[in-house]
file my_file.txt (compact mmCIF, C-alpha atoms)
# COMPACT_ATOMS: atom_id res chain seq x y z
CA MET A 1 122.38 182.99 74.51
CA ASP A 2 125.19 185.48 75.15
CA GLN A 3 122.78 187.81 76.94
CA ASN A 4 121.61 184.96 79.18
CA LEU A 5 125.18 183.85 79.92
CA ALA A 6 126.19 187.40 80.79
CA ASN A 7 123.21 187.68 83.15
CA LEU A 8 124.16 184.38 84.78
CA ARG A 9 127.76 185.47 85.31
CA ASN A 10 126.61 188.73 86.86
CA ALA A 11 124.13 186.90 89.11
CA PHE A 12 126.77 184.54 90.52
CA VAL A 13 129.70 186.89 91.15
CA SER A 14 132.17 185.19 93.45
CA PRO A 15 134.95 186.86 95.47
CA ARG A 16 137.59 184.29 94.51
CA ALA A 17 138.24 181.25 92.37
CA PHE A 18 137.03 177.81 93.46
CA TYR A 19 139.35 174.80 93.50
CA ASP A 20 138.82 171.30 94.85
CA ASP A 21 142.31 169.88 95.15
CA ALA A 22 141.09 166.86 97.12
CA ASN A 23 138.85 165.55 94.32
CA PHE A 24 140.33 167.27 91.27
CA PRO A 25 144.04 167.89 91.94
CA ARG A 26 144.76 168.84 88.32
CA GLY A 27 141.79 171.19 88.08
CA PHE A 28 138.31 170.84 86.66
CA SER A 29 139.28 171.36 83.03
CA ARG A 30 141.99 168.67 83.07
CA SER A 31 139.92 166.08 84.93
CA GLY A 32 138.10 164.86 81.83
CA HIS A 33 134.70 165.05 83.52
CA PHE A 34 133.71 168.61 82.68
CA THR A 35 133.46 170.58 79.46
CA LEU A 36 135.53 173.74 79.26
CA ALA A 37 132.45 175.89 79.89
CA GLU A 38 131.47 173.82 82.94
CA ALA A 39 135.02 173.94 84.31
CA GLN A 40 135.13 177.70 83.84
CA ALA A 41 131.74 178.11 85.56
CA LEU A 42 132.88 176.05 88.53
CA GLU A 43 136.15 177.91 88.89
CA GLN A 44 134.58 181.36 88.61
CA HIS A 45 131.40 180.81 90.63
CA GLY A 46 132.04 177.72 92.76
CA VAL A 47 132.64 179.56 96.04
CA LEU A 48 129.20 181.19 95.86
CA LEU A 49 127.56 177.98 94.60
CA LYS A 50 129.03 176.01 97.50
CA SER A 51 127.81 178.55 100.06
CA LEU A 52 124.32 178.56 98.51
CA TYR A 53 124.26 174.76 98.45
CA ASN A 54 125.38 174.52 102.09
CA LYS A 55 122.91 177.29 103.02
CA ASP A 56 125.73 179.46 104.38
CA CYS A 57 124.23 182.48 102.58
CA GLU A 58 120.80 183.47 101.32
CA PRO A 59 119.95 183.85 97.61
CA GLN A 60 120.29 187.48 96.51
CA ASN A 61 118.46 187.37 93.16
CA SER A 62 116.10 185.23 91.09
CA PHE A 63 118.94 183.24 89.47
CA GLN A 64 120.33 182.27 92.86
CA LEU A 65 116.87 181.39 94.14
CA GLN A 66 116.34 179.16 91.11
CA PHE A 67 119.71 177.52 91.80
CA VAL A 68 118.66 176.73 95.37
CA ASN A 69 115.36 175.27 94.11
CA VAL A 70 117.23 173.11 91.60
CA MET A 71 119.58 171.79 94.29
CA GLU A 72 116.61 170.96 96.52
CA GLY A 73 115.15 168.88 93.68
CA GLN A 74 112.17 171.11 92.96
CA LEU A 75 113.30 171.98 89.41
CA PRO A 76 115.55 170.33 86.82
CA PRO A 77 118.86 172.08 85.97
CA SER A 78 118.25 174.56 83.17
CA ASN A 79 121.50 176.49 82.70
CA ILE A 80 125.22 175.80 82.52
CA ILE A 81 125.92 176.76 86.13
CA GLU A 82 123.21 174.50 87.54
CA ARG A 83 124.26 171.59 85.32
CA ALA A 84 127.93 172.03 86.21
CA TRP A 85 127.24 172.09 89.96
CA ALA A 86 124.91 169.08 89.71
CA LYS A 87 127.64 167.17 87.84
CA TYR A 88 130.22 168.28 90.43
CA LEU A 89 128.01 166.98 93.26
CA LYS A 90 127.42 163.70 91.48
CA LEU A 91 131.15 163.16 91.01
CA THR A 92 132.14 164.14 94.54
CA THR A 93 129.33 162.70 96.66
CA CYS A 94 128.27 159.49 94.92
CA LYS A 95 130.34 156.40 95.44
CA THR A 96 131.61 154.96 92.21
CA LYS A 97 131.24 151.28 91.50
CA PHE A 98 134.26 149.39 90.32
CA HIS A 99 133.62 146.60 87.84
CA THR A 100 136.15 144.01 86.86
CA LEU A 101 136.23 141.18 84.37
CA PHE A 102 137.25 138.75 87.06
CA GLY A 103 134.94 137.61 89.80
CA ARG A 104 135.80 136.72 93.32
CA SER A 105 138.25 133.93 93.83
CA ARG A 106 136.73 130.69 94.99
CA ALA A 107 136.89 130.08 98.69
CA VAL A 108 138.85 126.99 99.58
CA PRO A 109 136.81 124.73 101.90
CA ASP A 110 138.36 123.77 105.24
CA SER A 111 138.26 120.05 104.37
CA TYR A 112 140.56 120.53 101.38
CA THR A 113 143.25 117.88 101.04
CA PRO A 114 145.93 118.18 98.41
CA ALA A 115 146.23 115.45 95.76
CA TYR A 116 149.77 114.71 96.93
CA SER A 117 151.65 115.46 100.05
CA ALA A 118 155.23 116.42 100.74
CA ASP A 119 155.96 112.89 101.97
CA ASP A 120 155.08 111.31 98.61
CA ASP A 121 157.97 110.29 96.43
CA LEU A 122 158.11 112.12 93.15
call {"tool": "encode", "arguments": {"input": "my_file.txt", "output": "structure tokens"}}
result
Amino acid sequence: MDQNLANLRNAFVSPRAFYDDANFPRGFSRSGHFTLAEAQALEQHGVLLKSLYNKDCEPQNSFQLQFVNVMEGQLPPSNIIERAWAKYLKLTTCKTKFHTLFGRSRAVPDSYTPAYSADDDL
């Protein structure tokens, strides 16, 4: 496992750290959506992952080619970097549904007349 993780880190070397302040202003690790390993993978390799996903650069090795195939839907995610990026995309691109215990308020029909009027004596 350590050998595979070391190979992955070497295959996705990024020039700088990746942050998404618009969607995760407190960082990936403090958002509650990612494990510590996923947050670390996104921060360390996210710049390269984003450029591969947007097709701004070409894959340079077999790990990067596999990542592109996973993002195109040809393969399921098989490593921590692919799973973390897939989770990141799901959280940032899919609209979340908001459920409440209360339904919509009833619409009041136009022919509604109150049971008493202001002219009635109380």
call {"tool": "closest_residue", "arguments": {"input": "my_file.txt", "among": "A:Ala22, A:Ala39, A:Val68, A:Ile80", "to": "Thr92 (chain A)", "atoms": "only C-alpha atoms"}}
result
A:Ala22
call {"tool": "residues_around", "arguments": {"input": "my_file.txt", "residues": "region 41-54 of chain A", "least_positions_apart": "5", "cutoff": "8 Å", "atoms": "only C-alpha atoms", "output": "number ranges by chain"}}
result
A: 9, 12-19, 28, 59, 64, 68, 71, 80-81, 84-85
call {"tool": "atom_distance", "arguments": {"input": "my_file.txt", "atom1": "CA of Leu8 (chain A)", "atom2": "CA of Leu65 (chain A)"}}
result
12.2 Å
call {"tool": "atom_distance", "arguments": {"input": "my_file.txt", "atom1": "CA of Cys94 (chain A)", "atom2": "CA of Phe24 (chain A)"}}
result
14.8 Å
call {"tool": "atom_distance", "arguments": {"input": "my_file.txt", "atom1": "CA of His33 (chain A)", "atom2": "CA of Asp20 (chain A)"}}
result
13.6 Å
call {"tool": "closest_residue", "arguments": {"input": "my_file.txt", "among": "A:Phe102, A:Asn69, A:Thr93, A:Tyr88", "to": "Thr35 (chain A)", "atoms": "all atoms listed in the file"}}
result
A:Tyr88
call {"tool": "axis_aligned_box", "arguments": {"input": "my_file.txt", "around": "region 9-27 of chain A", "padding_each_side": "6 Å", "output": "lines of an AutoDock Vina configuration file"}}
result
center_x = 134.4
center_y = 177.1
center_z = 91.2
size_x = 32.6
size_y = 35.2
size_z = 23.8
call {"tool": "decode", "arguments": {"input": "my_file.txt", "residues": "region 26-40 of chain A", "atoms": "all heavy atoms", "output": "mmCIF file, in the first residue's frame"}}
result
data_model
loop_
_atom_site.group_PDB
_atom_site.id
_atom_site.type_symbol
_atom_site.label_atom_id
_atom_site.label_comp_id
_atom_site.auth_asym_id
_atom_site.auth_seq_id
_atom_site.Cartn_x
_atom_site.Cartn_y
_atom_site.Cartn_z
ATOM 1 N N ARG A 26 -13.031 27.063 4.571
ATOM 2 C CA ARG A 26 -12.216 26.646 5.712
ATOM 3 C C ARG A 26 -11.205 25.577 5.343
ATOM 4 O O ARG A 26 -10.476 25.093 6.196
ATOM 5 C CB ARG A 26 -13.104 26.117 6.832
ATOM 6 C CG ARG A 26 -13.976 27.181 7.444
ATOM 7 C CD ARG A 26 -14.741 26.603 8.579
ATOM 8 N NE ARG A 26 -15.522 27.613 9.250
ATOM 9 C CZ ARG A 26 -16.303 27.375 10.260
ATOM 10 N NH1 ARG A 26 -16.408 26.149 10.729
ATOM 11 N NH2 ARG A 26 -16.986 28.353 10.805
ATOM 12 N N GLY A 27 -11.191 25.161 4.106
ATOM 13 C CA GLY A 27 -10.273 24.113 3.667
ATOM 14 C C GLY A 27 -10.990 22.783 3.542
ATOM 15 O O GLY A 27 -12.099 22.585 4.045
ATOM 16 N N PHE A 28 -10.355 21.867 2.851
ATOM 17 C CA PHE A 28 -10.955 20.554 2.616
ATOM 18 C C PHE A 28 -11.043 19.732 3.894
ATOM 19 O O PHE A 28 -12.036 19.059 4.144
ATOM 20 C CB PHE A 28 -10.150 19.784 1.559
ATOM 21 C CG PHE A 28 -10.112 20.467 0.228
ATOM 22 C CD1 PHE A 28 -8.917 20.930 -0.290
ATOM 23 C CD2 PHE A 28 -11.261 20.635 -0.512
ATOM 24 C CE1 PHE A 28 -8.871 21.555 -1.521
ATOM 25 C CE2 PHE A 28 -11.235 21.263 -1.738
ATOM 26 C CZ PHE A 28 -10.038 21.730 -2.245
ATOM 27 N N SER A 29 -10.016 19.795 4.718
ATOM 28 C CA SER A 29 -9.983 18.946 5.912
ATOM 29 C C SER A 29 -10.992 19.395 6.963
ATOM 30 O O SER A 29 -11.469 18.580 7.740
ATOM 31 C CB SER A 29 -8.576 18.918 6.503
ATOM 32 O OG SER A 29 -8.182 20.214 6.875
ATOM 33 N N ARG A 30 -11.344 20.675 6.993
ATOM 34 C CA ARG A 30 -12.282 21.167 8.000
ATOM 35 C C ARG A 30 -13.716 21.224 7.493
ATOM 36 O O ARG A 30 -14.616 21.636 8.212
ATOM 37 C CB ARG A 30 -11.844 22.553 8.474
ATOM 38 C CG ARG A 30 -10.479 22.482 9.157
ATOM 39 C CD ARG A 30 -10.088 23.773 9.748
ATOM 40 N NE ARG A 30 -10.888 23.998 10.949
ATOM 41 C CZ ARG A 30 -10.957 25.149 11.579
ATOM 42 N NH1 ARG A 30 -10.282 26.187 11.133
ATOM 43 N NH2 ARG A 30 -11.694 25.278 12.654
ATOM 44 N N SER A 31 -13.931 20.812 6.247
ATOM 45 C CA SER A 31 -15.277 20.896 5.683
ATOM 46 C C SER A 31 -16.198 19.804 6.212
ATOM 47 O O SER A 31 -17.411 19.968 6.218
ATOM 48 C CB SER A 31 -15.213 20.796 4.162
ATOM 49 O OG SER A 31 -14.855 19.488 3.751
ATOM 50 N N GLY A 32 -15.633 18.677 6.625
ATOM 51 C CA GLY A 32 -16.448 17.568 7.096
ATOM 52 C C GLY A 32 -16.866 16.611 6.001
ATOM 53 O O GLY A 32 -17.531 15.614 6.261
ATOM 54 N N HIS A 33 -16.486 16.886 4.760
ATOM 55 C CA HIS A 33 -16.871 16.038 3.638
ATOM 56 C C HIS A 33 -15.778 15.059 3.234
ATOM 57 O O HIS A 33 -16.061 14.038 2.613
ATOM 58 C CB HIS A 33 -17.229 16.895 2.419
ATOM 59 C CG HIS A 33 -18.424 17.758 2.625
ATOM 60 N ND1 HIS A 33 -19.706 17.268 2.696
ATOM 61 C CD2 HIS A 33 -18.526 19.091 2.806
ATOM 62 C CE1 HIS A 33 -20.542 18.251 2.888
ATOM 63 N NE2 HIS A 33 -19.852 19.385 2.966
ATOM 64 N N PHE A 34 -14.533 15.380 3.551
ATOM 65 C CA PHE A 34 -13.405 14.576 3.106
ATOM 66 C C PHE A 34 -12.671 13.974 4.305
ATOM 67 O O PHE A 34 -12.607 14.584 5.362
ATOM 68 C CB PHE A 34 -12.413 15.436 2.309
ATOM 69 C CG PHE A 34 -13.015 16.085 1.097
ATOM 70 C CD1 PHE A 34 -13.413 17.411 1.129
ATOM 71 C CD2 PHE A 34 -13.188 15.373 -0.070
ATOM 72 C CE1 PHE A 34 -13.968 18.017 0.030
ATOM 73 C CE2 PHE A 34 -13.739 15.970 -1.183
ATOM 74 C CZ PHE A 34 -14.134 17.293 -1.138
ATOM 75 N N THR A 35 -12.100 12.790 4.088
ATOM 76 C CA THR A 35 -11.211 12.229 5.096
ATOM 77 C C THR A 35 -9.910 13.027 5.061
ATOM 78 O O THR A 35 -9.672 13.809 4.131
ATOM 79 C CB THR A 35 -10.928 10.747 4.818
ATOM 80 O OG1 THR A 35 -10.221 10.644 3.570
ATOM 81 C CG2 THR A 35 -12.208 9.925 4.770
ATOM 82 N N LEU A 36 -9.066 12.825 6.044
ATOM 83 C CA LEU A 36 -7.791 13.543 6.063
ATOM 84 C C LEU A 36 -6.923 13.179 4.867
ATOM 85 O O LEU A 36 -6.251 14.042 4.292
ATOM 86 C CB LEU A 36 -7.055 13.281 7.369
ATOM 87 C CG LEU A 36 -7.703 13.872 8.620
ATOM 88 C CD1 LEU A 36 -6.916 13.473 9.862
ATOM 89 C CD2 LEU A 36 -7.791 15.379 8.507
ATOM 90 N N ALA A 37 -6.932 11.914 4.474
ATOM 91 C CA ALA A 37 -6.140 11.486 3.315
ATOM 92 C C ALA A 37 -6.683 12.110 2.027
ATOM 93 O O ALA A 37 -5.901 12.537 1.167
ATOM 94 C CB ALA A 37 -6.142 9.968 3.210
ATOM 95 N N GLU A 38 -8.000 12.165 1.886
ATOM 96 C CA GLU A 38 -8.594 12.785 0.698
ATOM 97 C C GLU A 38 -8.294 14.282 0.654
ATOM 98 O O GLU A 38 -7.965 14.823 -0.403
ATOM 99 C CB GLU A 38 -10.102 12.552 0.677
ATOM 100 C CG GLU A 38 -10.502 11.127 0.418
ATOM 101 C CD GLU A 38 -11.977 10.872 0.648
ATOM 102 O OE1 GLU A 38 -12.646 11.681 1.331
ATOM 103 O OE2 GLU A 38 -12.477 9.845 0.145
ATOM 104 N N ALA A 39 -8.408 14.946 1.799
ATOM 105 C CA ALA A 39 -8.121 16.381 1.857
ATOM 106 C C ALA A 39 -6.666 16.655 1.502
ATOM 107 O O ALA A 39 -6.360 17.597 0.760
ATOM 108 C CB ALA A 39 -8.449 16.922 3.243
ATOM 109 N N GLN A 40 -5.767 15.836 2.003
ATOM 110 C CA GLN A 40 -4.351 15.994 1.703
ATOM 111 C C GLN A 40 -4.086 15.754 0.213
ATOM 112 O O GLN A 40 -3.316 16.492 -0.415
ATOM 113 C CB GLN A 40 -3.522 15.035 2.549
ATOM 114 C CG GLN A 40 -2.038 15.217 2.402
ATOM 115 C CD GLN A 40 -1.273 14.239 3.282
ATOM 116 O OE1 GLN A 40 -1.791 13.219 3.712
ATOM 117 N NE2 GLN A 40 -0.019 14.559 3.538
#
